[in-house]
Amino acid sequence: MERNADQVAARIAALRREIEYHNFRYYSQDNPAISDAEYDKLFRELLDLEREYPELASPDSPSQRVGAEPQEKFRKVEHRGPMLSLANAFSEEEIRAFHKRIANLLGIDDIDFMTELKIDGLAVAITYEDGKLVRGATRGNGLVGEDITPNLKTIRAIPLNLRGKPIPRIIEVRGEVYLPVSAFNGINQEREAAGETLFANPRNAAAGALRQLDPRVTAERPLSFFGYAVGYVEGVEFKTQAQILDQFTAWGFPVNPNHRHCASIKAVVDFCQEWQAKRDTLDYEIDGTVIKVNRLDFQEKLGTVSRDPRWAIAYKFPGQLATTQLLKIEINVGRTGTLNPYAVLEQVRLAGVTIRSATLHNEDDIRRKDIREGDTVIIKRAGDVIPQVVGPVREKRTGKEIQYRYPDKCPVCDAAVARREGEAMAFCTNRSCPAQKLELLKHFVSRGAMDIRGLGPQTLEKLLEMSLIEDAADLYTLTAEQADSLPGFKEKSTSNLLESIENSKSQPFARVLFALGIRHVGESIAAALASAFGGLNALSIASEEEISSVQGIGPEIARSVYEYMRDPENKALIEKLRKAGVQLQGAKSGRRLEGPLAGKTFVITGKLPALSRKEAEDLIEAHGGKVVSAVSARTSYLLVGEDPGSKLENARKLGVPQISEEQLKALISGR
């Protein structure tokens with residue numbers, strides 16, 4: 001029977017509602033109401049009608065889960081609130097210490113918790129406006145992620161529209177995308193039969209699927225999702241974490257069923273120990289549990305320290321163990337010249353991963369554990385990620401094992417090896433060592449640094465071998481003719497590479513600083529330095545004391561940065577990068593050299609009457625001052641609020657003047 005347009009529209013709407021209902025029953029309630037065949041029949045009917053009547057297509061239709069057209073490039077998305085990491089606990093004692101800390105801060109012992117499983121997947125933030133899914137993003141660096149909305153729409157466990165009431169005006173739902181272990185094993189069996197490389201573990205397979213430019217590739221993997229947190233919300237109020245999880249279920253999100261409300265820290269410990277023993281009974285990988293203070297007002301009062309919330313902690317399960325033979329000990333030369341030993345192993349499967357090598361830390365570690373070539377050794381996945389050699393199985397020794405002698409010359413360039421006093425790592429003394437150059441270049445172009453696509457290790461090695469570059473700055477003078485001479489490069493790949501190099505010039509200063517590969521300077525330290533000094537000019541003239549006054553930076557890091565900035569070769573590299581147009585100044589400097597507070601150093605303690613800590617820091621820096629974390633004799637003022645900490649006593653001992661928020665504003669206004 002022929003149907004008119006209104007009838008078709010009504011049928012399409014009914015099919016969408018019915019399919020979403022069955023997705024809810026299957027993924028959120030784990031209680032399907034129809035068979036897979038019946039579901040497929042409904043889905044095919046919807047697809048057929050939408051193809052026949054394209055004018056009735058809708059971005060929130062379940063059919064969009066099949067996958068949209070490929071994306072050119074992932075757009076950056078700024079999270080409404082930072083996606084924080086979690087501090088870790090590795091024992092019952094550390095869990096109880098966490099409880100003691102928060103009890104002291106809150107001034108009470110009667111605290112209830114929500115305990116959840118720590119899913120080993122990919123954290124995402126999904127934004128809904130008036131109940132409709134409008135955007136989904138990766139965690140990224142915690143502040144800015146990548147827009148993967150079309151890919152997330154292919155995951156049937158994620159509702160395209162929120163069910164029931166109340167519907168918030170805006171909400172950012174946070175959760176974990178994961179690949180079930182059974183699906184992972186099936187995929188690897190198919191890849192093995194096809195002669196393709198196997199995925200290392202379910203998390204890697206999920207990550208690869210989620211970051212595909214073509215959502216249709218994502219749709220081919222049976223990814224799933226668990227919701228666990230609210231990043232931002234307007235229009236709905238929550239009082240507890242338990243209430244959030246209940247509301248998620250009502251809205252149609254799958255919530256991991258193995259969460260538990262715990263009225264005491266003993267119940268928390270019991271939960272952690274229970275799931276440590278039961279982890280292998282699940283069809284998804286977990287690497288620990290998450291312990292959260294249940295009351296949200298308590299969470300707000302506890303706040304955060306650095307990038308970790310004070311009100312939550314992850315209990316990490318001990319790494320799983322296996323035994324295998326250590327065939328040989330070899331050395332990798334790192335980007336800063338360190339000689340990093342690793343074990344070449346008889347391959348072994350451990351927690352779903354094939355392991356062929358493992359870290360040995362350093363020379364002292366090898367000697368202390370008496371690890372020898374030919375030993376049967378115990379392997380552990382530290383944090384379930386990095387394989388490590390725990391030690392030898394001495395009773396299995398045959399007498400043919402060989403004690404390892406650490407090299408006194410670099411295995412790559414034959415230069416002398418040295419070891420700084422008080423440091424565990426030996427290093428190659430030749431700054432022109434080919435291995436150091438290559439590792440530094442790999443770091444410079446990596447995704448977390450300058451993010452220059454198309455420059456894999458082999459291409460970088462070829463660029464050095466052909467003398468087309470000597471250092472990272474030379475990448476910015478690379479010509480199309482030179483790139484064309486590289487193996488495998490054609491017009492399109494050359495064009496893409498040169499475009500990626502050009503785009504990297506606008507990377508934020510913090511990423512450039514990280515890309516330089518300064519010893520001990522990771523992403524978070526680079527971000528802290530960029531925020532404190534604003535640009536390379538200010539950082540390059542800073543004293544060790546000024547650098548170490550930045551929160552989170554100790555004397556060793558400060559010395560490393562100070563020495564790097566005064567090294568002639570490093571100065572020359574920085575000047576080449578400056579001439580190439582690389583961003584060496586923050587878009588908004590954390591320090592101003594003019595203003596009523598110029599030259600003044602402030603420390604903040606206690607809760608201020610009107611300003612938050614961040615607002616006070618911004619106000620001081622906007623008027624030329626500098627905020628540091630610790631009181632010293634060089635501190636100009638201690639800004640004191642309600643319930644000050646030990647900094648007040650330190651300031652009194654050192655004779656540092658104390659001022660209130662009102663007095664700060666008076667200084668700024670010149671009163």
# chains A, B, ... in the order shown; residues from 1 in each chain; ligands from 1
$ select_by_dssp --residues "stretch 417-448 of chain A" --states "helix (DSSP H, G or I)" --output "ChimeraX atom specification"
/A:434-445
$ select_by_dssp --residues "stretch 127-233 of chain A" --states "strand (DSSP E)" --output "ChimeraX atom specification"
/A:127-129,132-138,144-146,170-178,224-233
$ write_last_selection --atoms "C-alpha atoms" --output "PDB file, in the first residue's frame"
ATOM      1  CA  THR A 127      27.406  17.214  25.691  1.00  0.00           C
ATOM      2  CA  TYR A 128      23.611  17.282  25.454  1.00  0.00           C
ATOM      3  CA  GLU A 129      21.536  20.411  24.885  1.00  0.00           C
ATOM      4  CA  LYS A 132      19.909  16.020  22.334  1.00  0.00           C
ATOM      5  CA  LEU A 133      23.484  14.834  21.800  1.00  0.00           C
ATOM      6  CA  VAL A 134      25.337  17.769  20.206  1.00  0.00           C
ATOM      7  CA  ARG A 135      29.014  17.046  20.801  1.00  0.00           C
ATOM      8  CA  GLY A 136      31.418  14.377  22.001  1.00  0.00           C
ATOM      9  CA  ALA A 137      35.108  14.817  22.707  1.00  0.00           C
ATOM     10  CA  THR A 138      38.176  12.922  23.876  1.00  0.00           C
ATOM     11  CA  VAL A 144      41.095  20.612  25.410  1.00  0.00           C
ATOM     12  CA  GLY A 145      40.053  17.426  23.596  1.00  0.00           C
ATOM     13  CA  GLU A 146      39.226  16.373  20.044  1.00  0.00           C
ATOM     14  CA  ILE A 170      22.959  21.600  29.069  1.00  0.00           C
ATOM     15  CA  ILE A 171      24.842  18.667  30.526  1.00  0.00           C
ATOM     16  CA  GLU A 172      28.303  17.233  29.856  1.00  0.00           C
ATOM     17  CA  VAL A 173      28.239  13.515  30.645  1.00  0.00           C
ATOM     18  CA  ARG A 174      31.583  11.859  31.223  1.00  0.00           C
ATOM     19  CA  GLY A 175      32.315   8.194  30.885  1.00  0.00           C
ATOM     20  CA  GLU A 176      34.472   5.470  29.428  1.00  0.00           C
ATOM     21  CA  VAL A 177      34.330   3.928  25.965  1.00  0.00           C
ATOM     22  CA  TYR A 178      35.582   0.344  26.008  1.00  0.00           C
ATOM     23  CA  SER A 224      30.370   0.159  24.387  1.00  0.00           C
ATOM     24  CA  PHE A 225      30.145   2.813  27.088  1.00  0.00           C
ATOM     25  CA  PHE A 226      29.681   3.364  30.827  1.00  0.00           C
ATOM     26  CA  GLY A 227      28.705   6.791  32.203  1.00  0.00           C
ATOM     27  CA  TYR A 228      30.144   7.816  35.570  1.00  0.00           C
ATOM     28  CA  ALA A 229      30.327  11.609  36.093  1.00  0.00           C
ATOM     29  CA  VAL A 230      28.889  15.038  35.302  1.00  0.00           C
ATOM     30  CA  GLY A 231      31.402  17.559  33.987  1.00  0.00           C
ATOM     31  CA  TYR A 232      28.960  20.464  33.741  1.00  0.00           C
ATOM     32  CA  VAL A 233      25.211  20.889  34.082  1.00  0.00           C
TER      33      VAL A 233
END
$ residues_around --residues "A:Pro657" --least-positions-apart "4" --cutoff "8 Å" --atoms "only C-alpha atoms" --output "PyMOL selection string"
chain A and resi 636-638+651-652
$ write_last_selection --atoms "C-alpha atoms" --output "tab-separated table (two decimals), in the first residue's frame"
chain	number	residue	atom	x	y	z
A	636	SER	CA	56.56	40.53	48.98
A	637	TYR	CA	53.15	39.80	50.51
A	638	LEU	CA	51.14	36.92	51.93
A	651	ALA	CA	55.40	34.43	56.86
A	652	ARG	CA	55.43	35.69	60.47
$ residues_around --residues "stretch 379-381 of chain A" --least-positions-apart "2" --cutoff "10 Å" --atoms "only C-alpha atoms" --output "number ranges by chain"
A: 318-326, 345, 348, 350-351, 353, 355, 357-359, 376-377, 383-392
$ write_last_selection --atoms "C-alpha atoms" --output "compact mmCIF listing (two decimals), in the first residue's frame"
# COMPACT_ATOMS: atom_id res chain seq x y z
CA PRO A 318 48.81 -5.06 41.45
CA GLY A 319 50.24 -5.83 38.03
CA GLN A 320 49.78 -9.38 36.80
CA LEU A 321 52.78 -11.69 36.59
CA ALA A 322 54.27 -14.20 34.12
CA THR A 323 57.60 -15.99 33.73
CA THR A 324 59.73 -16.25 30.60
CA GLN A 325 63.38 -16.38 29.54
CA LEU A 326 65.53 -13.25 29.30
CA LEU A 345 62.44 -11.78 26.14
CA VAL A 348 54.95 -14.43 26.53
CA LEU A 350 50.29 -11.54 29.90
CA ALA A 351 46.82 -10.06 30.54
CA VAL A 353 49.17 -8.69 25.62
CA ILE A 355 55.31 -9.18 25.56
CA SER A 357 60.67 -6.85 25.88
CA ALA A 358 60.57 -5.22 29.30
CA THR A 359 62.23 -2.33 31.08
CA THR A 376 64.14 -17.27 33.75
CA VAL A 377 62.56 -14.03 34.95
CA GLY A 383 49.93 -0.33 36.18
CA ASP A 384 48.85 -3.00 33.69
CA VAL A 385 50.69 -1.05 30.99
CA ILE A 386 54.51 -1.08 31.07
CA PRO A 387 56.15 -4.53 31.28
CA GLN A 388 58.90 -4.73 33.91
CA VAL A 389 61.32 -7.41 35.02
CA VAL A 390 60.55 -8.11 38.68
CA GLY A 391 63.54 -10.40 39.17
CA PRO A 392 65.10 -13.77 38.33
$ residues_around --residues "A:Val512" --least-positions-apart "2" --cutoff "12 Å" --atoms "only C-alpha atoms" --output "PyMOL selection string"
chain A and resi 443-452+472-473+504-510+514-518+521-523+526-527+529-530+535-536+574+577-578+581-586
$ write_last_selection --atoms "C-alpha atoms" --output "short mmCIF file (atom, residue, chain, number, x, y, z; two decimals), in the first residue's frame"
data_model
loop_
_atom_site.label_atom_id
_atom_site.label_comp_id
_atom_site.auth_asym_id
_atom_site.auth_seq_id
_atom_site.Cartn_x
_atom_site.Cartn_y
_atom_site.Cartn_z
CA HIS A 443 59.79 13.65 20.74
CA PHE A 444 59.62 17.05 19.03
CA VAL A 445 57.17 15.92 16.32
CA SER A 446 55.06 13.72 18.64
CA ARG A 447 51.35 14.31 19.12
CA GLY A 448 51.68 15.79 22.61
CA ALA A 449 54.41 18.17 21.43
CA MET A 450 54.44 19.85 17.98
CA ASP A 451 52.10 17.24 16.45
CA ILE A 452 53.75 17.12 13.02
CA ALA A 472 64.34 20.11 14.92
CA ALA A 473 64.53 23.72 13.69
CA SER A 504 52.90 23.42 14.00
CA LYS A 505 54.32 26.95 14.16
CA SER A 506 51.13 28.05 15.89
CA GLN A 507 51.26 25.39 18.61
CA PRO A 508 50.88 26.99 22.08
CA PHE A 509 54.10 27.97 23.83
CA ALA A 510 53.59 25.27 26.49
CA PHE A 514 57.64 20.45 26.12
CA ALA A 515 58.85 19.67 22.59
CA LEU A 516 62.34 21.01 23.33
CA GLY A 517 62.97 17.85 25.36
CA ILE A 518 64.46 19.51 28.45
CA VAL A 521 60.18 18.70 31.82
CA GLY A 522 57.01 16.78 30.98
CA GLU A 523 53.71 18.19 29.72
CA ALA A 526 55.91 22.74 30.65
CA ALA A 527 52.38 24.03 31.15
CA LEU A 529 56.38 27.13 33.31
CA ALA A 530 54.47 28.60 30.36
CA GLY A 535 57.25 33.15 27.05
CA LEU A 536 60.80 32.01 26.36
CA ILE A 574 65.90 28.39 20.07
CA LEU A 577 63.02 28.25 15.94
CA ARG A 578 62.32 31.94 16.57
CA GLY A 581 58.19 31.66 13.25
CA VAL A 582 57.53 29.05 15.97
CA GLN A 583 55.39 30.33 18.85
CA LEU A 584 57.79 31.16 21.69
CA GLN A 585 55.44 33.48 23.55
CA GLY A 586 52.20 32.59 25.30
#
$ closest_residue --among "A:Thr459, A:Asn332, A:Asn88, A:Ser549" --to "A:Cys428" --atoms "only C-alpha atoms"
A:Asn332
$ residues_around --residues "A:Ser85" --least-positions-apart "3" --cutoff "12 Å" --atoms "only C-alpha atoms" --output "PyMOL selection string"
chain A and resi 82+88+123+139-143+290+304-314+524
$ write_last_selection --atoms "C-alpha atoms" --output "PDB file, in the first residue's frame"
ATOM      1  CA  PRO A  82      38.842  20.260  33.362  1.00  0.00           C
ATOM      2  CA  ASN A  88      46.582   6.489  42.947  1.00  0.00           C
ATOM      3  CA  ALA A 123      37.548   8.768  28.751  1.00  0.00           C
ATOM      4  CA  ARG A 139      39.833  13.795  27.161  1.00  0.00           C
ATOM      5  CA  GLY A 140      42.858  15.265  25.342  1.00  0.00           C
ATOM      6  CA  ASN A 141      45.093  17.128  27.786  1.00  0.00           C
ATOM      7  CA  GLY A 142      42.261  17.502  30.296  1.00  0.00           C
ATOM      8  CA  LEU A 143      41.431  21.045  29.174  1.00  0.00           C
ATOM      9  CA  VAL A 290      37.606   4.377  41.949  1.00  0.00           C
ATOM     10  CA  THR A 304      41.484  19.829  43.928  1.00  0.00           C
ATOM     11  CA  VAL A 305      45.249  19.833  44.318  1.00  0.00           C
ATOM     12  CA  SER A 306      47.339  20.184  41.151  1.00  0.00           C
ATOM     13  CA  ARG A 307      45.350  18.116  38.623  1.00  0.00           C
ATOM     14  CA  ASP A 308      43.841  15.645  41.078  1.00  0.00           C
ATOM     15  CA  PRO A 309      40.569  16.010  43.003  1.00  0.00           C
ATOM     16  CA  ARG A 310      41.048  15.619  46.760  1.00  0.00           C
ATOM     17  CA  TRP A 311      37.691  13.846  47.024  1.00  0.00           C
ATOM     18  CA  ALA A 312      38.520  10.813  44.860  1.00  0.00           C
ATOM     19  CA  ILE A 313      41.300   8.296  44.443  1.00  0.00           C
ATOM     20  CA  ALA A 314      41.985   5.288  42.216  1.00  0.00           C
ATOM     21  CA  SER A 524      52.424  19.391  33.100  1.00  0.00           C
TER      22      SER A 524
END
$ closest_residue --among "A:Asn537, A:Thr354, A:Ser58, A:Leu122" --to "A:Lys571" --atoms "only C-alpha atoms"
A:Asn537
$ closest_residue --among "A:Leu440, A:Ala219, A:Ala630, A:Leu664" --to "A:Gly334" --atoms "only C-alpha atoms"
A:Leu440
$ closest_residue --among "A:Ile620, A:Leu475, A:Leu460, A:Val656" --to "A:Ala633" --atoms "only C-alpha atoms"
A:Val656
